[in-house]
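The file final.csv contains CSV, C-alpha atoms:
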```
chain,number,residue,atom,x,y,z
A,1,MET,CA,14.8,24.4,-10.1
A,2,HIS,CA,17.6,23.4,-7.8
A,3,VAL,CA,16.4,21.7,-4.5
A,4,LEU,CA,18.6,20.9,-1.6
A,5,PHE,CA,17.3,17.7,0.1
A,6,ILE,CA,18.5,17.4,3.8
A,7,PRO,CA,17.1,14.2,5.4
A,8,LYS,CA,17.5,13.1,9.0
A,9,TRP,CA,17.6,9.4,7.9
A,10,TYR,CA,19.3,8.2,4.7
A,11,PRO,CA,21.2,5.1,3.6
A,12,GLY,CA,24.9,5.3,4.3
A,13,ARG,CA,27.9,3.4,5.5
A,14,ASN,CA,26.5,3.1,9.1
A,15,ASP,CA,23.2,1.6,7.9
A,16,PRO,CA,22.6,0.9,4.2
A,17,GLN,CA,18.8,0.6,4.8
A,18,LEU,CA,18.3,3.6,7.1
A,19,GLY,CA,15.7,5.9,5.5
A,20,ASP,CA,15.7,4.0,2.2
A,21,PHE,CA,12.1,5.2,1.7
A,22,LEU,CA,13.3,8.8,1.8
A,23,ARG,CA,15.9,8.0,-0.8
A,24,LYS,CA,13.1,6.5,-3.0
A,25,GLN,CA,11.2,9.8,-2.6
A,26,ALA,CA,14.3,11.7,-3.6
A,27,ALA,CA,14.9,9.6,-6.6
A,28,ALA,CA,11.3,10.0,-7.7
A,29,VAL,CA,11.3,13.8,-7.6
A,30,ALA,CA,14.9,14.0,-9.1
A,31,THR,CA,13.3,13.3,-12.5
A,32,TYR,CA,11.5,16.6,-12.2
A,33,VAL,CA,14.0,19.0,-10.5
A,34,ARG,CA,17.8,19.3,-10.0
A,35,LEU,CA,18.1,17.6,-6.7
A,36,SER,CA,21.2,17.7,-4.4
A,37,VAL,CA,21.1,15.5,-1.3
A,38,LEU,CA,23.1,16.5,1.8
A,39,PHE,CA,23.1,13.9,4.5
A,40,ILE,CA,24.9,14.6,7.8
A,41,ALA,CA,25.7,11.5,10.0
A,42,PRO,CA,27.6,10.7,13.1
A,43,ASP,CA,30.3,8.0,13.0
A,44,VAL,CA,32.2,7.1,16.2
A,45,ASN,CA,34.8,5.2,14.0
A,46,ALA,CA,35.5,8.1,11.7
A,47,ARG,CA,39.3,8.6,11.2
A,48,LYS,CA,39.0,12.3,10.6
A,49,ARG,CA,36.9,14.9,12.3
A,50,TYR,CA,34.9,15.3,9.1
A,51,GLU,CA,34.7,12.9,6.1
A,52,GLU,CA,32.9,13.6,2.9
A,53,GLU,CA,31.6,11.0,0.4
A,54,LEU,CA,30.1,12.0,-2.9
A,55,THR,CA,28.1,9.6,-5.1
A,56,GLU,CA,26.1,10.1,-8.3
A,57,ALA,CA,23.7,7.3,-9.1
A,58,GLU,CA,20.1,6.8,-10.2
A,59,GLY,CA,19.8,10.5,-11.1
A,60,LEU,CA,20.8,11.6,-7.6
A,61,TRP,CA,23.8,13.8,-6.5
A,62,GLU,CA,24.4,12.6,-2.9
A,63,LEU,CA,26.9,14.2,-0.5
A,64,ARG,CA,27.3,12.4,2.8
A,65,VAL,CA,29.3,14.2,5.5
A,66,HIS,CA,30.3,12.1,8.5
A,67,TYR,CA,31.5,13.7,11.7
A,68,ARG,CA,33.4,11.9,14.4
A,69,ALA,CA,30.8,11.5,17.1
A,70,SER,CA,31.8,12.1,20.8
A,71,THR,CA,31.3,9.2,23.2
A,72,HIS,CA,31.9,11.2,26.3
A,73,ALA,CA,30.2,9.7,29.4
A,74,PHE,CA,28.7,13.1,30.5
A,75,ARG,CA,25.5,13.2,28.4
A,76,PRO,CA,25.0,17.1,28.2
A,77,PHE,CA,28.6,17.6,27.2
A,78,ARG,CA,28.4,14.8,24.6
A,79,LYS,CA,25.2,16.1,23.1
A,80,GLY,CA,26.6,19.6,22.9
A,81,ILE,CA,29.8,18.5,21.2
A,82,ASN,CA,27.9,16.4,18.7
A,83,PHE,CA,25.5,19.2,17.9
A,84,LEU,CA,28.4,21.5,17.2
A,85,ARG,CA,30.1,18.9,15.0
A,86,TYR,CA,26.8,18.2,13.2
A,87,TRP,CA,26.5,21.9,12.5
A,88,ARG,CA,30.0,22.3,11.2
A,89,ALA,CA,29.5,19.2,9.0
A,90,ALA,CA,26.3,20.7,7.6
A,91,MET,CA,28.0,24.0,6.8
A,92,ARG,CA,30.9,22.2,5.1
A,93,GLY,CA,28.4,20.2,3.1
A,94,TYR,CA,26.4,23.3,2.1
A,95,ARG,CA,29.6,25.1,0.9
A,96,ARG,CA,30.4,22.1,-1.3
A,97,VAL,CA,26.9,22.1,-2.7
A,98,ARG,CA,27.2,25.8,-3.5
A,99,GLU,CA,30.6,25.2,-5.2
A,100,GLN,CA,29.6,22.3,-7.3
A,101,ARG,CA,25.9,22.7,-7.8
A,102,GLY,CA,25.1,26.4,-7.3
A,103,LYS,CA,22.8,28.1,-4.8
A,104,PRO,CA,19.6,26.1,-4.1
A,105,ASP,CA,16.2,27.7,-4.9
A,106,LEU,CA,14.6,25.6,-2.1
A,107,THR,CA,15.6,23.5,0.8
A,108,HIS,CA,13.6,20.3,1.6
A,109,ALA,CA,14.2,19.4,5.3
A,110,TYR,CA,13.0,15.9,6.0
A,111,ILE,CA,12.2,15.1,9.7
A,112,LEU,CA,13.0,17.5,12.6
A,113,VAL,CA,14.9,18.8,14.3
A,114,ARG,CA,18.4,19.3,12.9
A,115,PRO,CA,17.7,19.2,9.2
A,116,ALA,CA,15.0,21.9,9.7
A,117,LEU,CA,17.4,24.0,11.8
A,118,VAL,CA,19.9,24.0,8.9
A,119,ALA,CA,17.1,24.9,6.5
A,120,TRP,CA,15.9,27.7,8.8
A,121,TRP,CA,19.5,29.1,8.9
A,122,LEU,CA,19.8,29.0,5.2
A,123,LYS,CA,16.6,30.9,5.0
A,124,GLN,CA,17.8,33.6,7.4
A,125,ARG,CA,21.3,33.8,5.8
A,126,TRP,CA,20.5,33.5,2.1
A,127,GLY,CA,16.7,33.9,1.8
A,128,ILE,CA,16.2,30.3,0.7
A,129,PRO,CA,12.6,29.1,1.5
A,130,TYR,CA,12.2,25.6,2.9
A,131,LEU,CA,9.7,22.7,3.0
A,132,VAL,CA,9.4,20.6,6.1
A,133,SER,CA,8.4,16.9,5.7
A,134,GLU,CA,7.6,14.5,8.5
A,135,GLN,CA,7.4,10.7,8.8
A,136,SER,CA,8.3,10.3,12.5
A,137,SER,CA,6.0,8.3,14.7
A,138,GLU,CA,6.9,10.4,17.7
A,139,TYR,CA,3.8,12.5,17.0
A,140,LEU,CA,1.6,9.4,17.2
A,141,ASP,CA,3.1,7.4,20.1
A,142,GLY,CA,3.2,10.1,22.8
A,143,THR,CA,6.9,10.8,22.5
A,144,TYR,CA,6.4,14.4,21.2
A,145,ALA,CA,3.7,15.1,23.8
A,146,GLY,CA,6.2,14.2,26.5
A,147,LYS,CA,8.8,16.7,25.3
A,148,SER,CA,9.6,19.9,27.2
A,149,ALA,CA,8.0,23.2,26.5
A,150,VAL,CA,11.3,24.5,25.1
A,151,VAL,CA,11.6,21.6,22.6
A,152,LYS,CA,8.0,22.1,21.5
A,153,GLY,CA,8.6,25.8,21.1
A,154,VAL,CA,11.5,25.0,18.7
A,155,HIS,CA,9.3,22.6,16.7
A,156,ARG,CA,6.6,25.2,16.4
A,157,ALA,CA,9.0,27.9,15.3
A,158,LEU,CA,10.6,25.7,12.7
A,159,PHE,CA,7.2,24.6,11.3
A,160,ARG,CA,5.9,28.2,11.2
A,161,ALA,CA,8.9,29.5,9.4
A,162,ALA,CA,8.6,26.9,6.7
A,163,SER,CA,6.9,27.7,3.4
A,164,GLY,CA,5.2,24.4,3.3
A,165,VAL,CA,4.6,21.2,5.3
A,166,SER,CA,4.1,17.7,3.9
A,167,VAL,CA,3.4,14.4,5.7
A,168,VAL,CA,3.3,10.8,4.6
A,169,SER,CA,-0.3,10.0,5.6
A,170,ALA,CA,-3.5,11.8,6.7
A,171,TRP,CA,-3.1,10.0,10.1
A,172,LEU,CA,0.2,11.8,10.7
A,173,GLY,CA,-1.1,15.1,9.3
A,174,ASP,CA,-4.0,15.1,11.8
A,175,ALA,CA,-1.5,14.6,14.6
A,176,LEU,CA,0.6,17.6,13.5
A,177,VAL,CA,-2.5,19.7,13.2
A,178,ASN,CA,-3.7,18.6,16.7
A,179,ALA,CA,-0.3,19.5,18.1
A,180,GLY,CA,-0.6,23.0,16.8
A,181,LEU,CA,2.4,22.6,14.4
A,182,CYS,CA,0.6,23.3,11.1
A,183,THR,CA,-2.9,23.8,9.7
A,184,ASP,CA,-3.2,22.2,6.3
A,185,PRO,CA,-0.3,19.8,5.4
A,186,ASP,CA,0.1,18.3,2.0
A,187,ILE,CA,0.0,14.4,1.9
A,188,VAL,CA,2.7,12.8,-0.1
A,189,PRO,CA,3.0,9.0,0.3
A,190,ASN,CA,6.1,7.0,0.1
A,191,VAL,CA,7.0,5.2,-3.1
A,192,VAL,CA,5.9,1.6,-3.0
A,193,PRO,CA,8.7,-0.6,-4.5
A,194,GLY,CA,8.0,-3.6,-6.6
A,195,LEU,CA,5.3,-2.3,-8.9
A,196,ASP,CA,7.6,-2.8,-11.9
A,197,ARG,CA,8.0,-6.6,-11.1
A,198,PRO,CA,5.9,-9.3,-12.8
A,199,LEU,CA,3.0,-10.1,-10.6
A,200,PRO,CA,3.9,-13.4,-8.8
A,201,PRO,CA,1.4,-16.3,-8.6
A,202,PRO,CA,-0.5,-16.7,-5.3
A,203,GLY,CA,1.6,-18.4,-2.6
A,204,PRO,CA,0.5,-21.1,-0.2
A,205,PRO,CA,-2.4,-19.4,1.8
A,206,GLY,CA,-1.0,-20.7,5.1
A,207,ASP,CA,2.5,-19.2,4.6
A,208,PHE,CA,2.7,-15.8,6.3
A,209,LEU,CA,5.5,-13.3,6.1
A,210,MET,CA,6.4,-10.5,8.5
A,211,VAL,CA,9.0,-7.8,7.7
A,212,ALA,CA,9.9,-5.5,10.6
A,213,ASP,CA,12.6,-4.1,12.8
A,214,LEU,CA,12.7,-6.5,15.7
A,215,VAL,CA,11.7,-3.9,18.3
A,216,ASP,CA,8.7,-5.6,20.0
A,217,ARG,CA,7.2,-2.6,21.8
A,218,THR,CA,6.5,-1.0,18.4
A,219,LYS,CA,6.2,-3.9,16.0
A,220,ASN,CA,4.5,-6.4,18.4
A,221,ILE,CA,6.1,-9.4,16.9
A,222,SER,CA,5.4,-11.3,20.1
A,223,GLY,CA,1.7,-10.9,19.4
A,224,VAL,CA,2.1,-12.5,16.0
A,225,LEU,CA,3.9,-15.5,17.6
A,226,ARG,CA,1.1,-15.9,20.2
A,227,ALA,CA,-1.6,-15.6,17.5
A,228,LEU,CA,0.2,-18.1,15.3
A,229,THR,CA,0.3,-20.7,18.1
A,230,VAL,CA,-3.4,-20.5,18.5
A,231,ALA,CA,-4.1,-20.5,14.8
A,232,ARG,CA,-2.0,-23.6,14.3
A,233,ASN,CA,-4.4,-25.5,16.7
A,234,GLY,CA,-7.0,-25.0,14.0
A,235,ASP,CA,-4.7,-25.4,10.9
A,236,PRO,CA,-1.3,-26.9,11.4
A,237,ARG,CA,-0.2,-25.8,7.9
A,238,ILE,CA,0.2,-22.2,9.1
A,239,ARG,CA,3.8,-21.0,9.1
A,240,LEU,CA,5.5,-17.7,9.6
A,241,THR,CA,8.7,-16.2,8.2
A,242,VAL,CA,10.2,-13.1,9.9
A,243,ILE,CA,12.5,-10.8,8.0
A,244,GLY,CA,14.4,-8.2,10.0
A,245,ASP,CA,16.7,-7.7,12.8
A,246,GLY,CA,16.9,-5.7,16.0
A,247,PRO,CA,17.5,-5.7,19.7
A,248,ASP,CA,14.7,-8.1,20.5
A,249,ARG,CA,15.6,-10.9,18.1
A,250,ALA,CA,17.1,-13.3,20.7
A,251,GLU,CA,14.1,-12.8,23.0
A,252,LEU,CA,11.6,-13.4,20.2
A,253,GLN,CA,13.3,-16.5,19.1
A,254,SER,CA,13.2,-17.8,22.7
A,255,LEU,CA,9.5,-17.0,22.9
A,256,ALA,CA,8.9,-18.9,19.7
A,257,GLN,CA,10.5,-22.0,21.3
A,258,GLU,CA,8.6,-21.5,24.5
A,259,LEU,CA,5.3,-21.3,22.7
A,260,GLY,CA,6.0,-24.7,21.0
A,261,THR,CA,5.7,-23.5,17.4
A,262,ASN,CA,7.5,-26.7,16.4
A,263,GLY,CA,9.7,-25.2,13.7
A,264,SER,CA,6.8,-23.3,12.1
A,265,VAL,CA,8.6,-19.9,12.6
A,266,THR,CA,11.8,-19.0,10.6
A,267,PHE,CA,13.9,-15.9,11.4
A,268,LEU,CA,15.9,-14.8,8.3
A,269,GLY,CA,17.5,-11.6,9.7
A,270,ARG,CA,17.8,-8.4,7.6
A,271,LEU,CA,17.8,-8.8,3.8
A,272,PRO,CA,18.2,-6.4,0.9
A,273,ASN,CA,15.0,-5.0,-0.5
A,274,ALA,CA,15.1,-7.1,-3.6
A,275,GLU,CA,15.3,-10.3,-1.6
A,276,VAL,CA,12.4,-9.1,0.6
A,277,LEU,CA,10.3,-8.7,-2.5
A,278,ASP,CA,11.3,-12.2,-3.6
A,279,HIS,CA,10.1,-13.6,-0.3
A,280,MET,CA,6.8,-11.6,-0.6
A,281,GLY,CA,6.3,-13.1,-4.0
A,282,ASN,CA,6.5,-16.6,-2.5
A,283,ALA,CA,4.3,-15.9,0.5
A,284,GLY,CA,0.6,-16.4,0.9
A,285,ALA,CA,0.0,-13.3,2.9
A,286,VAL,CA,1.8,-10.6,4.9
A,287,VAL,CA,1.2,-9.5,8.5
A,288,VAL,CA,1.8,-6.0,9.9
A,289,ASN,CA,1.0,-6.0,13.6
A,290,SER,CA,2.5,-2.7,14.7
A,291,ARG,CA,1.3,-0.5,17.5
A,292,VAL,CA,2.0,2.6,15.4
A,293,GLU,CA,2.9,3.2,11.8
A,294,THR,CA,3.0,6.6,10.0
A,295,PHE,CA,2.8,4.9,6.6
A,296,SER,CA,3.9,1.3,6.4
A,297,VAL,CA,6.0,0.7,3.3
A,298,VAL,CA,5.7,-3.1,4.0
A,299,THR,CA,2.0,-3.0,3.6
A,300,GLY,CA,2.4,-1.2,0.2
A,301,GLU,CA,5.1,-3.6,-0.9
A,302,ALA,CA,2.9,-6.6,-0.1
A,303,LEU,CA,-0.1,-5.2,-2.0
A,304,ALA,CA,2.2,-4.4,-4.9
A,305,GLN,CA,3.0,-8.1,-5.1
A,306,GLY,CA,-0.7,-9.0,-5.1
A,307,LYS,CA,-0.6,-10.4,-1.5
A,308,PRO,CA,-3.4,-9.9,1.0
A,309,VAL,CA,-2.3,-8.2,4.3
A,310,ILE,CA,-3.5,-8.6,7.8
A,311,ALA,CA,-2.8,-5.2,9.5
A,312,SER,CA,-3.5,-3.6,12.8
A,313,ARG,CA,-5.3,-0.3,12.9
A,314,CYS,CA,-2.0,1.4,13.8
A,315,GLY,CA,-2.2,4.4,11.5
A,316,GLY,CA,-0.7,4.1,8.0
A,317,PRO,CA,-2.1,0.7,6.9
A,318,VAL,CA,-5.7,1.9,7.4
A,319,ALA,CA,-5.3,4.0,4.2
A,320,PHE,CA,-4.4,0.8,2.3
A,321,ILE,CA,-6.5,-2.0,3.5
A,322,ASN,CA,-10.1,-2.9,2.6
A,323,ASP,CA,-12.1,-6.1,2.4
A,324,ARG,CA,-10.8,-6.8,-1.1
A,325,ASN,CA,-7.1,-6.8,-0.2
A,326,GLY,CA,-6.9,-7.9,3.5
A,327,ILE,CA,-8.1,-7.7,7.0
A,328,LEU,CA,-7.8,-4.9,9.6
A,329,ILE,CA,-7.7,-5.8,13.3
A,330,ASP,CA,-7.4,-3.7,16.5
A,331,VAL,CA,-4.0,-3.0,17.9
A,332,GLY,CA,-2.8,-5.7,20.2
A,333,ASP,CA,-5.7,-8.1,19.5
A,334,ASP,CA,-4.1,-11.5,19.4
A,335,HIS,CA,-7.4,-13.3,19.2
A,336,ALA,CA,-8.5,-11.3,16.1
A,337,LEU,CA,-5.1,-11.9,14.5
A,338,SER,CA,-5.4,-15.6,14.9
A,339,LEU,CA,-8.9,-15.7,13.4
A,340,ALA,CA,-7.6,-13.5,10.5
A,341,MET,CA,-4.8,-16.0,9.9
A,342,LEU,CA,-7.2,-18.9,9.8
A,343,SER,CA,-9.5,-17.0,7.4
A,344,ILE,CA,-6.7,-16.3,4.9
A,345,ALA,CA,-5.2,-19.8,5.3
A,346,ASN,CA,-8.6,-21.2,4.4
A,347,ALA,CA,-9.0,-18.8,1.4
A,348,GLU,CA,-12.3,-17.6,2.6
A,349,ALA,CA,-12.2,-14.2,0.9
A,350,GLY,CA,-11.0,-15.3,-2.6
A,351,TYR,CA,-8.5,-12.4,-3.1
A,352,SER,CA,-7.5,-11.4,-6.6
A,353,ALA,CA,-3.8,-10.6,-7.0
A,354,GLN,CA,-4.5,-8.4,-10.0
A,355,GLU,CA,-7.1,-6.4,-8.1
A,356,ILE,CA,-4.9,-6.0,-5.1
A,357,ARG,CA,-2.0,-4.6,-7.1
A,358,ALA,CA,-4.3,-2.2,-9.1
A,359,GLY,CA,-5.3,-0.6,-5.8
A,360,VAL,CA,-1.8,0.8,-5.2
A,361,SER,CA,-0.2,1.3,-8.6
A,362,ASP,CA,-1.8,4.7,-9.4
A,363,ARG,CA,-1.2,6.3,-6.0
A,364,PHE,CA,2.3,5.1,-4.9
A,365,SER,CA,4.4,4.8,-8.1
A,366,PRO,CA,7.6,6.8,-8.4
A,367,LYS,CA,5.8,9.0,-11.0
A,368,ALA,CA,2.9,9.8,-8.8
A,369,VAL,CA,5.1,10.6,-5.7
A,370,GLY,CA,7.6,12.6,-7.8
A,371,ASN,CA,4.8,14.6,-9.4
A,372,ALA,CA,3.3,15.4,-6.0
A,373,LEU,CA,6.6,16.7,-4.5
A,374,ALA,CA,7.5,18.6,-7.7
A,375,ALA,CA,4.1,20.4,-7.5
A,376,ILE,CA,4.8,21.5,-3.9
A,377,TYR,CA,8.2,22.7,-4.9
A,378,GLU,CA,6.8,24.8,-7.7
A,379,ARG,CA,4.1,26.3,-5.5
A,380,ILE,CA,6.7,27.4,-2.9
A,381,HIS,CA,9.2,28.6,-5.5
A,382,HIS,CA,6.6,30.9,-7.0
A,383,GLY,CA,5.6,32.3,-3.6
A,384,ARG,CA,2.4,30.4,-3.1
A,385,GLY,CA,3.5,28.3,-0.1
```

Let me see the structure of the file written as structure tokens.
Amino acid sequence: MHVLFIPKWYPGRNDPQLGDFLRKQAAAVATYVRLSVLFIAPDVNARKRYEEELTEAEGLWELRVHYRASTHAFRPFRKGINFLRYWRAAMRGYRRVREQRGKPDLTHAYILVRPALVAWWLKQRWGIPYLVSEQSSEYLDGTYAGKSAVVKGVHRALFRAASGVSVVSAWLGDALVNAGLCTDPDIVPNVVPGLDRPLPPPGPPGDFLMVADLVDRTKNISGVLRALTVARNGDPRIRLTVIGDGPDRAELQSLAQELGTNGSVTFLGRLPNAEVLDHMGNAGAVVVNSRVETFSVVTGEALAQGKPVIASRCGGPVAFINDRNGILIDVGDDHALSLAMLSIANAEAGYSAQEIRAGVSDRFSPKAVGNALAAIYERIHHGRG
């Protein structure tokens, strides 16, 4: 079976880490089907109107088509021009896919709206069925609810024309059902990296790690800094390392100084995934303090390294965490977070690294995720979508 994978997010020259979890899903299912990836991305610095980059690695055939994005000051004009250029880039890309790979049997559109619009058009023009997959938090944080009736109508039409719907967690699936977008979505989790690594030894229990985009309104890093300040009054060994970058980095570093953390917080910036896993291997525990998460790859990565996790009840982590591998706290509860940090620093629960890893290895391996997607593809391909 030939599947055309069209993601909204995907690693590329603009951001080598954007949508890396989608690429891992693609690589997982590429061992079961003939997969062609078509990624359309804006680039204000593109020298030509359209630029194509073809790569073949890790079993993936990946075509990235960049279009020169308009920067016009008048927003409606800019959005209209950029949509037209996106569409032309997508059609150029599809023609190349047909020329070099043949006609797809199925399109997998990952995250609305534009990839699903392209998939819908391919269905109308060439009769190619499509699967819609979602990982966006906009259905959980109120963003989708605030959209216009026209935009919601487009979403409903694209979902209803699809031959299947998959989501990354039951939490997100319930949100789509409640929004009237689908009735019974398949749940296919992300691949959890690091399961193939040797299990590292336990790290110092007071050394905490946080990996997040530094966007405080969603990741609530400031809450971790406040909780750490309180926890250190009870145990001055407690330290925090933050991996990630984003618009709030300078403000968060200033907050750490204002709180008087006395050098107990280190900001490392953005790091490659392999280095992130190295740091997880050396940490005592990992903190995920988000306000909303559709899945939380970071939680899975930490558990794969045998590390306990303190996580807020923000969606995705709830499916991972139990009393044998970590502590769940309410969203925005700084006091509960400080108590949880003290509990882990004092090794009160006696976590087993082997048991922690075993809880994720069967559900989130590349084989498990690839199998799940391939089964959905087969069902749709044989008209049972």

Find the nearest atom pair between each residue of segment 319-346 of chain A and segment 355-367 of chain A for residues within 10 Å, count only C-alpha atoms, give distances in Å to one decimal, sort rows by chain and ascending number, and present the table as CSV.
```
residue,atom,partner,partner_atom,distance
A:Phe320,CA,A:Val360,CA,7.9
A:Ile321,CA,A:Gly359,CA,9.5
A:Asn322,CA,A:Ile356,CA,9.8
A:Arg324,CA,A:Ile356,CA,7.2
A:Asn325,CA,A:Ile356,CA,5.4
A:Gly326,CA,A:Ile356,CA,9.0
```

Around the point (-14.8, -13.1, 2.9) (coordinates from the file), which residues reach within 10 Å if we count only C-alpha atoms? Answer as a ChimeraX atom specification.
/A:323-324,326-327,343-344,347-351

For Tyr377 of chain A, please output as a list in words all residues within 9 Å (counting only C-alpha atoms; exclusion window: fewer than 2 positions along the same chain).
Met1, Val3, Val33, Leu106, His108, Leu131, Gly164, Ala372, Leu373, Ala374, Ala375, Arg379, Ile380, His381, His382 and Gly385 of chain A

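Considering all atoms listed in the file, the residue among A:Val118, A:Pro7, A:Val286, A:Pro201 positioned nearest to Ser133 of chain A is A:Pro7.
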
Select all residues near (2.2, -22.9, 6.8) (cut-off 8 Å, inclusive, file coordinates), counting all atoms listed in the file, and output them as number ranges by chain.
A: 204-208, 236-240, 264

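For the set A:Asp184, A:Ala162, A:Leu342, A:Phe5, the residue with the smallest atom-to-atom gap to Asn233 of chain A is A:Leu342, counting only C-alpha atoms.
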
Using only C-alpha atoms: which of A:His2, A:Arg96, A:His335, A:Arg78 has the shortest distance to Leu63 of chain A
A:Arg96

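Closest approach to Asp333 of chain A among A:Ala368, A:Ala227, A:Ile128, A:Ala69 is made by A:Ala227 (distances from only C-alpha atoms).
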
Taking only residues of segment 174-214 of chain A that have an atom at most 8 Å from an atom of segment 244-251 of chain A, what is each one's shortest atom pair and its distance in Å to one decimal, using only C-alpha atoms, in chain and number order, as a tab-separated table?
```
residue	atom	partner	partner_atom	distance
A:Val211	CA	A:Gly244	CA	5.9
A:Ala212	CA	A:Gly244	CA	5.3
A:Asp213	CA	A:Gly244	CA	5.3
A:Leu214	CA	A:Gly246	CA	4.3
```

What gap, in Å, lies between atom CA of Tyr67 of chain A and atom CA of Glu52 of chain A?
8.9 Å

Point out the residue among A:Val230, A:Val167, A:Ile40, A:Leu303 with the least atom-to-atom distance to Pro202 of chain A, counting only C-alpha atoms.
A:Leu303

Interatomic distance (Å, one decimal) between atom CA of Ser137 of chain A and atom CA of Arg217 of chain A
13.1 Å

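The closest residue to Val276 of chain A, picked from A:Pro185, A:Gly180, A:Gly316, A:Gly194 and counting all atoms listed in the file, is A:Gly194.
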
Taking 2 positions as the minimum chain separation for residues in the same chain, which residues sit within 10 Å of Ala256 of chain A when counting only C-alpha atoms? Answer as JSON, numbers by chain.
{"A": [222, 225, 226, 228, 229, 250, 251, 252, 253, 254, 258, 259, 260, 261, 262, 263, 264, 265, 266]}

Dump as an mmCIF file, in the frame of the given file, selection limited to C-alpha atoms:
```cif
data_model
loop_
_atom_site.group_PDB
_atom_site.id
_atom_site.type_symbol
_atom_site.label_atom_id
_atom_site.label_comp_id
_atom_site.auth_asym_id
_atom_site.auth_seq_id
_atom_site.Cartn_x
_atom_site.Cartn_y
_atom_site.Cartn_z
ATOM 1 C CA SER A 222 5.400 -11.300 20.100
ATOM 2 C CA LEU A 225 3.900 -15.500 17.600
ATOM 3 C CA ARG A 226 1.100 -15.900 20.200
ATOM 4 C CA LEU A 228 0.200 -18.100 15.300
ATOM 5 C CA THR A 229 0.300 -20.700 18.100
ATOM 6 C CA ALA A 250 17.100 -13.300 20.700
ATOM 7 C CA GLU A 251 14.100 -12.800 23.000
ATOM 8 C CA LEU A 252 11.600 -13.400 20.200
ATOM 9 C CA GLN A 253 13.300 -16.500 19.100
ATOM 10 C CA SER A 254 13.200 -17.800 22.700
ATOM 11 C CA GLU A 258 8.600 -21.500 24.500
ATOM 12 C CA LEU A 259 5.300 -21.300 22.700
ATOM 13 C CA GLY A 260 6.000 -24.700 21.000
ATOM 14 C CA THR A 261 5.700 -23.500 17.400
ATOM 15 C CA ASN A 262 7.500 -26.700 16.400
ATOM 16 C CA GLY A 263 9.700 -25.200 13.700
ATOM 17 C CA SER A 264 6.800 -23.300 12.100
ATOM 18 C CA VAL A 265 8.600 -19.900 12.600
ATOM 19 C CA THR A 266 11.800 -19.000 10.600
#
```

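Take atom CA of Val288 of chain A and atom CA of Pro16 of chain A: the distance between them is 22.6 Å.
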